[in-house]
Protein chains: 2
Amino acid sequence: MNPLQRAARRPTLKDVAALAGVSMKTVSRVVNGEAGVAPAKVSAVEQAVRQLDYRPNVTASSLRRLDGRTAAVAVLLEDLANPFSAELHRALEDVAHEHGVLLFAGSLDESPEREKRLVRAFTARRADALILAPASSDQSYLAYEVPESTPVVFVDRAPTGFDADAVVVDNMEGARRAVTHLLEHGHRRIAFLGDLPSITTAQHRFAGYQEALRAHGVPFDPDLVVHGLADADRAARSLEELLRLTDPPTALFTAQNDITVGALRHLQARGLEHTIAIVGFDDFPLADLLRPAVTVIAQDPTAIGRAAAERLFARLAGDSEPCRTVVIPTRLIVRGSGELPPFRL
Amino acid sequence: MNPLQRAARRPTLKDVAALAGVSMKTVSRVVNGEAGVAPAKVSAVEQAVRQLDYRPNVTASSLRRLDGRTAAVAVLLEDLANPFSAELHRALEDVAHEHGVLLFAGSLDESPEREKRLVRAFTARRADALILAPASSDQSYLAYEVPESTPVVFVDRAPTGFDADAVVVDNMEGARRAVTHLLEHGHRRIAFLGDLPSITTAQHRFAGYQEALRAHGVPFDPDLVVHGLADADRAARSLEELLRLTDPPTALFTAQNDITVGALRHLQARGLEHTIAIVGFDDFPLADLLRPAVTVIAQDPTAIGRAAAERLFARLAGDSEPCRTVVIPTRLIVRGSGELPPFRL
DNA sequence: CAGGCCCTTGACATCGATGTCGAAAGTGGT
DNA sequence: ACCACTTTCGACATCGATGTCAAGGGCCTG
């Protein structure tokens, strides 16, 4: 065969069997490394396999196999281009790779409809398991989309209306620490800039913000709270409005990495980066290189991914313990932006 | 059925047919929206589908279908956690989603063995097409791994030993502009910090560096050249050595985003960020927020991804034109770090 | 030398679906 | 009432593989 010319049709077991002069079943045995085949036939088959460039069709094989495994796992995250999702995805890939499993990935963009559509698409391909960072507020629909034998592991956000393993962080506690940190540096006017309030993690981060204020006897001012910031641009614009208040904030708590970046961009544009303190939820690349460097509550997406993959492979290996929620700790990383003293504009 | 209790086994066409009192073929027709089924039977089938939560098994169906399409495409990139790969992946996903196609993704980490292993794994699952940013220096092996009917589109790096569509940027020209920019700001001692020299894009960027020097009559000094920097840490360490030279560089050209970041980190640690000029290849998030903001040669991963996906779906739709290489332009983004004047240490 | 056991091997059914094709029923014209 | 034609529908083979099972051969034992 001309090596630059590709085969028109993949050879099948049958072709190999014909060339090697044995039955399909014997080829199947050799290809799967089963014992009980005479050495002479083994080498005849191996030779035929090489000669034809035979590659087993795993989808056909999983159809017939008793366990029906496809060695593929579906991963649905918020946005694969976001560094948090991307790192999580990569961590999942690394564990999956050790198990010889491939990943189907999809972004949900906070759309519950897209979530349902993709879940269906993946189960239609009979993925062995599902990793889900849900965009929906209720996942009870999974009961009739996903068969019992397919484990589901939630990441980043806990399930609602569906019983499954989950790997999350304590968002309320992380937010509480972030805001407490600002309070301890003397701030009393601390703004909250948050994600879509439909997202449970956003709710918990907001609750942590309120809790910290309450614990320090600082009155809650709804004027300092903005929800629903889906991207950096919107965060920048709403920060602009906050700074126009008669009694503007001296510090910001930005509850997600895109929001933090949007706020930083606006602060720099107005030359206020050394004036207004900021602590962000989620670490992000280069936070340490900005001036001031950015103080954050860091999640560890790699640890989240590894823990989720471990739960998943335990389930696939037959673990039938009750579902468990693993909480990965967050870390306050002090870098400078969160330690600026209050400054009256 | 208790909605919280999941089905033990997925219902099949046969189950639906039995419940609806029709043949499997009729169910197949209804499910696929084929004409020529009496309205009464259509609704009987639809009712049975709903009652059983039937979901077609697309792997089984693609096995039998004439075109054998699985509506899944394999994507192999350098590192899905790297922002360049992540954005490219996301752009591919968006186009694929419009076509109802799912993506299998994998990271290669510059390992040719991993590349071959993953290509085999994906073709074993009969992906309809392959998007590849190769780690290997020769992809002629694809001829016997990938059947003729499976289009391959290269991204970021052009193919070697294999004829396929490709979407790349002009790395040589981009590097030339970067270095020319530094030369025009008066620099004569410009260091090159590059990736593994086995990577063709790294070779082209180095060639662009040399070409710019030559065009400006600046002598080439091998002491100012470091290859093989696979990550940010190594970039930082080798920069440290460069700065210890008796005649150290006054400017840096860093040929990849991780290297740029490593170099910036070292410059900041030594307080030299306003002293030594730097231009990086690849834009990266927050480059505009650093001080000085970082001048870069930006690629547009979203444009690369969209162009690659367009080639791919054109091929899948039957386009049989000769293979084409699409070149996506790069942009010099002037932000400050590349405009610092030469400063003798 | 018969009987029993192990080792190899292949014929056949099957996984969940679709392609082919012919049978049955309905329609209209004469 | 008969024929040609269309519409509707299901029996069956098939996609590429694996599970089941029994047949055939060699070898050992009694």
# chains A, B, ... in the order shown; residues from 1 in each chain; ligands from 1
$ interface_residues --of "chain C" --to "chain A" --cutoff "7 Å" --atoms "only C-alpha atoms (C1' of nucleotides)" --output "PyMOL selection string"
chain C and resi 8+10+15
$ residues_around --residues "segment 297-308 of chain B" --least-positions-apart "5" --cutoff "6 Å" --atoms "only C-alpha atoms (C1' of nucleotides)" --output "list in words"
Glu87, Leu88, Ala91, Leu92, Val167, Phe281, Asp282, Asp283, Thr330, Arg331 and Leu332 of chain B
$ select_by_dssp --residues "segment 6-190 of chain A" --states "strand (DSSP E or B)" --output "PyMOL selection string"
chain A and resi 72-77+102-107+129-132+152-155+165-169+190
$ closest_atom_pairs --of "chain B" --to "chain A" --cutoff "6 Å" --atoms "only C-alpha atoms" --output "Markdown table"
| residue | atom | partner | partner_atom | distance |
| --- | --- | --- | --- | --- |
| B:Leu4 | CA | A:Ala143 | CA | 5.8 |
| B:Arg6 | CA | A:Glu148 | CA | 4.9 |
| B:Ala7 | CA | A:Pro147 | CA | 5.1 |
| B:Ala8 | CA | A:Glu148 | CA | 5.2 |
| B:Asn57 | CA | A:Ala124 | CA | 5.2 |
| B:Val58 | CA | A:Arg125 | CA | 5.4 |
| B:Thr59 | CA | A:Arg125 | CA | 5.8 |
| B:Ala81 | CA | A:Ala86 | CA | 4.8 |
| B:Ala86 | CA | A:Ala81 | CA | 4.8 |
| B:Glu87 | CA | A:Ala81 | CA | 4.9 |
| B:Arg90 | CA | A:Ala81 | CA | 5.8 |
| B:Leu103 | CA | A:Phe104 | CA | 5.7 |
| B:Phe104 | CA | A:Phe104 | CA | 4.5 |
| B:Ala124 | CA | A:Asn57 | CA | 5.1 |
| B:Arg125 | CA | A:Val58 | CA | 5.5 |
| B:Ala143 | CA | A:Arg6 | CA | 5.1 |
| B:Pro147 | CA | A:Ala7 | CA | 5.1 |
| B:Glu148 | CA | A:Arg6 | CA | 4.9 |
| B:Leu290 | CA | A:Leu290 | CA | 5.3 |
$ write_last_selection --atoms "N, CA and C atoms" --output "mmCIF file, in the first residue's frame"
data_model
loop_
_atom_site.group_PDB
_atom_site.id
_atom_site.type_symbol
_atom_site.label_atom_id
_atom_site.label_comp_id
_atom_site.auth_asym_id
_atom_site.auth_seq_id
_atom_site.Cartn_x
_atom_site.Cartn_y
_atom_site.Cartn_z
ATOM 1 N N LEU B 4 -37.081 9.243 41.889
ATOM 2 C CA LEU B 4 -35.734 9.299 42.438
ATOM 3 C C LEU B 4 -34.982 7.995 42.214
ATOM 4 N N ARG B 6 -33.530 5.344 39.711
ATOM 5 C CA ARG B 6 -33.163 5.320 38.301
ATOM 6 C C ARG B 6 -33.390 3.944 37.690
ATOM 7 N N ALA B 7 -33.651 3.957 36.406
ATOM 8 C CA ALA B 7 -33.881 2.701 35.698
ATOM 9 C C ALA B 7 -32.620 1.847 35.751
ATOM 10 N N ALA B 8 -32.819 0.544 35.935
ATOM 11 C CA ALA B 8 -31.671 -0.351 36.027
ATOM 12 C C ALA B 8 -31.055 -0.553 34.640
ATOM 13 N N ASN B 57 -29.735 4.664 21.263
ATOM 14 C CA ASN B 57 -28.314 4.423 21.479
ATOM 15 C C ASN B 57 -27.574 4.811 20.206
ATOM 16 N N VAL B 58 -26.937 5.976 20.219
ATOM 17 C CA VAL B 58 -26.343 6.429 18.958
ATOM 18 C C VAL B 58 -25.141 5.588 18.553
ATOM 19 N N THR B 59 -24.494 4.941 19.490
ATOM 20 C CA THR B 59 -23.354 4.126 19.056
ATOM 21 C C THR B 59 -23.854 2.911 18.292
ATOM 22 N N ALA B 81 -5.306 22.952 29.757
ATOM 23 C CA ALA B 81 -5.329 23.935 30.835
ATOM 24 C C ALA B 81 -4.647 25.234 30.415
ATOM 25 N N ALA B 86 -7.202 26.158 25.603
ATOM 26 C CA ALA B 86 -8.547 26.178 26.169
ATOM 27 C C ALA B 86 -9.472 27.030 25.305
ATOM 28 N N GLU B 87 -8.972 28.181 24.857
ATOM 29 C CA GLU B 87 -9.811 29.036 24.015
ATOM 30 C C GLU B 87 -10.068 28.402 22.659
ATOM 31 N N ARG B 90 -12.614 25.823 23.062
ATOM 32 C CA ARG B 90 -13.939 26.395 23.232
ATOM 33 C C ARG B 90 -14.522 26.847 21.895
ATOM 34 N N LEU B 103 -17.466 16.720 21.238
ATOM 35 C CA LEU B 103 -16.009 16.669 21.155
ATOM 36 C C LEU B 103 -15.411 15.749 22.217
ATOM 37 N N PHE B 104 -14.516 14.915 21.777
ATOM 38 C CA PHE B 104 -13.588 14.198 22.650
ATOM 39 C C PHE B 104 -12.337 15.056 22.721
ATOM 40 N N ALA B 124 -10.243 4.316 17.494
ATOM 41 C CA ALA B 124 -10.896 3.083 17.946
ATOM 42 C C ALA B 124 -12.352 3.356 18.306
ATOM 43 N N ARG B 125 -12.656 4.601 18.660
ATOM 44 C CA ARG B 125 -14.036 4.973 18.946
ATOM 45 C C ARG B 125 -14.719 5.536 17.712
ATOM 46 N N ALA B 143 -1.477 7.862 8.212
ATOM 47 C CA ALA B 143 -1.987 7.209 7.004
ATOM 48 C C ALA B 143 -2.589 5.855 7.331
ATOM 49 N N PRO B 147 -8.705 6.289 8.606
ATOM 50 C CA PRO B 147 -9.194 5.943 7.272
ATOM 51 C C PRO B 147 -9.454 7.186 6.435
ATOM 52 N N GLU B 148 -9.471 6.987 5.162
ATOM 53 C CA GLU B 148 -9.612 8.077 4.207
ATOM 54 C C GLU B 148 -10.852 8.919 4.462
ATOM 55 N N LEU B 290 -0.874 44.282 33.740
ATOM 56 C CA LEU B 290 0.441 44.324 34.369
ATOM 57 C C LEU B 290 1.051 45.705 34.164
#
$ residues_around --residues "DA13 of chain C" --least-positions-apart "6" --cutoff "12 Å" --atoms "only C-alpha atoms (C1' of nucleotides)" --output "list in words"
Arg64 of chain A; DT18, DG19, DT20 and DC21 of chain D
$ interface_residues --of "chain D" --to "chain B" --cutoff "7 Å" --atoms "only C-alpha atoms (C1' of nucleotides)" --output "PyMOL selection string"
chain D and resi 8+10+15
$ select_by_dssp --residues "segment 120-311 of chain B" --states "helix (DSSP H, G or I)" --output "number ranges by chain"
B: 120-124, 142-145, 171-184, 200-215, 222-224, 232-243, 257-269, 301-311
$ residues_around --residues "DG4 of chain C" --least-positions-apart "5" --cutoff "12 Å" --atoms "only C-alpha atoms (C1' of nucleotides)" --output "list in words"
DC27, DC28, DT29 and DG30 of chain D
$ write_last_selection --atoms "C-alpha atoms (C1' of nucleotides)" --output "mmCIF file, in the first residue's frame"
data_model
loop_
_atom_site.group_PDB
_atom_site.id
_atom_site.type_symbol
_atom_site.label_atom_id
_atom_site.label_comp_id
_atom_site.auth_asym_id
_atom_site.auth_seq_id
_atom_site.Cartn_x
_atom_site.Cartn_y
_atom_site.Cartn_z
ATOM 1 C "C1'" DC D 27 -2.968 -37.280 26.222
ATOM 2 C "C1'" DC D 28 -3.165 -39.815 30.340
ATOM 3 C "C1'" DT D 29 -5.043 -43.382 33.216
ATOM 4 C "C1'" DG D 30 -6.803 -47.938 34.359
#
$ atom_distance --atom1 "atom CA of Phe253 of chain B" --atom2 "atom CA of Asp138 of chain B"
27.6 Å
$ atom_distance --atom1 "atom CA of Thr275 of chain B" --atom2 "atom CA of Arg335 of chain B"
15.0 Å
$ residues_around --residues "segment 23-29 of chain C" --least-positions-apart "5" --cutoff "12 Å" --atoms "only C-alpha atoms (C1' of nucleotides)" --output "compact mmCIF listing (two decimals) with N, CA and C atoms (P, O5', C5', C4', C3', O3' and C1' of nucleotides), in the first residue's frame"
# COMPACT_ATOMS: atom_id res chain seq x y z
P DC D 2 -63.42 -10.40 -9.83
O5' DC D 2 -62.30 -9.67 -10.69
C5' DC D 2 -62.54 -9.39 -12.08
C4' DC D 2 -61.52 -8.37 -12.52
C3' DC D 2 -60.12 -8.61 -11.95
O3' DC D 2 -59.16 -8.64 -13.00
C1' DC D 2 -60.81 -6.36 -11.57
P DC D 3 -57.62 -9.09 -12.63
O5' DC D 3 -56.81 -7.77 -12.96
C5' DC D 3 -57.18 -6.98 -14.09
C4' DC D 3 -56.50 -5.64 -13.98
C3' DC D 3 -55.05 -5.71 -13.47
O3' DC D 3 -54.23 -4.88 -14.29
C1' DC D 3 -56.30 -4.22 -12.11
P DA D 4 -52.61 -5.03 -14.23
O5' DA D 4 -52.16 -3.55 -13.86
C5' DA D 4 -52.71 -2.45 -14.57
C4' DA D 4 -52.46 -1.19 -13.76
C3' DA D 4 -51.04 -1.07 -13.22
O3' DA D 4 -50.61 0.27 -13.40
C1' DA D 4 -52.57 -0.93 -11.43
P DC D 5 -49.10 0.75 -13.06
O5' DC D 5 -49.33 1.61 -11.73
C5' DC D 5 -50.47 2.47 -11.61
C4' DC D 5 -50.48 3.03 -10.20
C3' DC D 5 -49.10 3.10 -9.53
O3' DC D 5 -48.90 4.41 -9.01
C1' DC D 5 -50.64 2.00 -8.11
P DT D 6 -47.44 4.81 -8.32
O5' DT D 6 -47.94 5.16 -6.86
C5' DT D 6 -49.16 5.89 -6.68
C4' DT D 6 -49.60 5.77 -5.23
C3' DT D 6 -48.48 6.04 -4.22
O3' DT D 6 -48.95 7.01 -3.29
C1' DT D 6 -49.57 3.98 -3.73
P DT D 7 -48.00 7.66 -2.16
O5' DT D 7 -48.48 6.90 -0.85
C5' DT D 7 -49.87 6.83 -0.56
C4' DT D 7 -50.07 5.90 0.62
C3' DT D 7 -49.07 6.12 1.77
O3' DT D 7 -49.80 6.25 2.97
C1' DT D 7 -49.14 3.83 1.15
P DT D 8 -49.08 6.60 4.38
O5' DT D 8 -48.92 5.16 5.02
C5' DT D 8 -50.10 4.37 5.19
C4' DT D 8 -49.71 3.03 5.74
C3' DT D 8 -48.76 3.06 6.95
O3' DT D 8 -49.42 2.34 7.98
C1' DT D 8 -48.04 1.49 5.33
P DC D 9 -48.75 2.26 9.45
O5' DC D 9 -47.89 0.94 9.36
C5' DC D 9 -48.59 -0.32 9.23
C4' DC D 9 -47.60 -1.42 8.97
C3' DC D 9 -46.49 -1.53 10.02
O3' DC D 9 -46.81 -2.65 10.83
C1' DC D 9 -45.72 -1.90 7.77
P DG D 10 -45.94 -2.95 12.17
O5' DG D 10 -45.16 -4.27 11.72
C5' DG D 10 -45.90 -5.29 11.05
C4' DG D 10 -44.96 -6.25 10.37
C3' DG D 10 -43.82 -6.76 11.27
O3' DG D 10 -43.59 -8.11 10.90
C1' DG D 10 -42.90 -5.75 9.35
P DA D 11 -42.99 -9.09 12.03
O5' DA D 11 -42.18 -10.11 11.10
C5' DA D 11 -42.75 -10.57 9.87
C4' DA D 11 -41.66 -11.08 8.96
C3' DA D 11 -40.51 -11.82 9.65
O3' DA D 11 -40.09 -12.88 8.82
C1' DA D 11 -39.65 -9.90 8.56
$ decode --residues "segment 77-95 of chain B" --atoms "N, CA and C atoms" --output "PDB file, in the first residue's frame"
ATOM      1  N   LEU B  77      -4.998  18.666  21.652  1.00  0.00           N
ATOM      2  CA  LEU B  77      -4.262  19.923  21.746  1.00  0.00           C
ATOM      3  C   LEU B  77      -3.099  19.765  22.710  1.00  0.00           C
ATOM      4  N   GLU B  78      -2.325  20.841  22.820  1.00  0.00           N
ATOM      5  CA  GLU B  78      -1.116  20.715  23.612  1.00  0.00           C
ATOM      6  C   GLU B  78      -1.434  20.501  25.087  1.00  0.00           C
ATOM      7  N   ASP B  79      -2.230  21.398  25.646  1.00  0.00           N
ATOM      8  CA  ASP B  79      -2.558  21.281  27.067  1.00  0.00           C
ATOM      9  C   ASP B  79      -3.847  22.036  27.298  1.00  0.00           C
ATOM     10  N   LEU B  80      -4.892  21.311  27.622  1.00  0.00           N
ATOM     11  CA  LEU B  80      -6.217  21.931  27.727  1.00  0.00           C
ATOM     12  C   LEU B  80      -6.293  22.954  28.849  1.00  0.00           C
ATOM     13  N   ALA B  81      -5.306  22.952  29.757  1.00  0.00           N
ATOM     14  CA  ALA B  81      -5.329  23.935  30.835  1.00  0.00           C
ATOM     15  C   ALA B  81      -4.647  25.234  30.415  1.00  0.00           C
ATOM     16  N   ASN B  82      -3.875  25.191  29.345  1.00  0.00           N
ATOM     17  CA  ASN B  82      -3.223  26.394  28.837  1.00  0.00           C
ATOM     18  C   ASN B  82      -4.277  27.282  28.170  1.00  0.00           C
ATOM     19  N   PRO B  83      -4.255  28.599  28.443  1.00  0.00           N
ATOM     20  CA  PRO B  83      -5.334  29.434  27.902  1.00  0.00           C
ATOM     21  C   PRO B  83      -5.432  29.389  26.376  1.00  0.00           C
ATOM     22  N   PHE B  84      -4.310  29.227  25.696  1.00  0.00           N
ATOM     23  CA  PHE B  84      -4.371  29.157  24.229  1.00  0.00           C
ATOM     24  C   PHE B  84      -5.173  27.933  23.787  1.00  0.00           C
ATOM     25  N   SER B  85      -4.826  26.770  24.317  1.00  0.00           N
ATOM     26  CA  SER B  85      -5.548  25.551  23.958  1.00  0.00           C
ATOM     27  C   SER B  85      -6.995  25.618  24.425  1.00  0.00           C
ATOM     28  N   ALA B  86      -7.202  26.158  25.603  1.00  0.00           N
ATOM     29  CA  ALA B  86      -8.547  26.178  26.169  1.00  0.00           C
ATOM     30  C   ALA B  86      -9.472  27.030  25.305  1.00  0.00           C
ATOM     31  N   GLU B  87      -8.972  28.181  24.857  1.00  0.00           N
ATOM     32  CA  GLU B  87      -9.811  29.036  24.015  1.00  0.00           C
ATOM     33  C   GLU B  87     -10.068  28.402  22.659  1.00  0.00           C
ATOM     34  N   LEU B  88      -9.032  27.790  22.126  1.00  0.00           N
ATOM     35  CA  LEU B  88      -9.182  27.112  20.842  1.00  0.00           C
ATOM     36  C   LEU B  88     -10.238  26.003  20.969  1.00  0.00           C
ATOM     37  N   HIS B  89     -10.124  25.255  22.027  1.00  0.00           N
ATOM     38  CA  HIS B  89     -11.070  24.169  22.277  1.00  0.00           C
ATOM     39  C   HIS B  89     -12.488  24.708  22.354  1.00  0.00           C
ATOM     40  N   ARG B  90     -12.614  25.823  23.062  1.00  0.00           N
ATOM     41  CA  ARG B  90     -13.939  26.395  23.232  1.00  0.00           C
ATOM     42  C   ARG B  90     -14.522  26.847  21.895  1.00  0.00           C
ATOM     43  N   ALA B  91     -13.681  27.427  21.051  1.00  0.00           N
ATOM     44  CA  ALA B  91     -14.158  27.869  19.738  1.00  0.00           C
ATOM     45  C   ALA B  91     -14.601  26.674  18.904  1.00  0.00           C
ATOM     46  N   LEU B  92     -13.828  25.593  18.966  1.00  0.00           N
ATOM     47  CA  LEU B  92     -14.207  24.375  18.249  1.00  0.00           C
ATOM     48  C   LEU B  92     -15.537  23.862  18.776  1.00  0.00           C
ATOM     49  N   GLU B  93     -15.681  23.885  20.085  1.00  0.00           N
ATOM     50  CA  GLU B  93     -16.914  23.387  20.682  1.00  0.00           C
ATOM     51  C   GLU B  93     -18.113  24.171  20.171  1.00  0.00           C
ATOM     52  N   ASP B  94     -17.950  25.484  20.072  1.00  0.00           N
ATOM     53  CA  ASP B  94     -19.090  26.295  19.671  1.00  0.00           C
ATOM     54  C   ASP B  94     -19.545  25.945  18.256  1.00  0.00           C
ATOM     55  N   VAL B  95     -18.604  25.775  17.341  1.00  0.00           N
ATOM     56  CA  VAL B  95     -19.005  25.413  15.977  1.00  0.00           C
ATOM     57  C   VAL B  95     -19.572  23.992  15.962  1.00  0.00           C
TER      58      VAL B  95
END
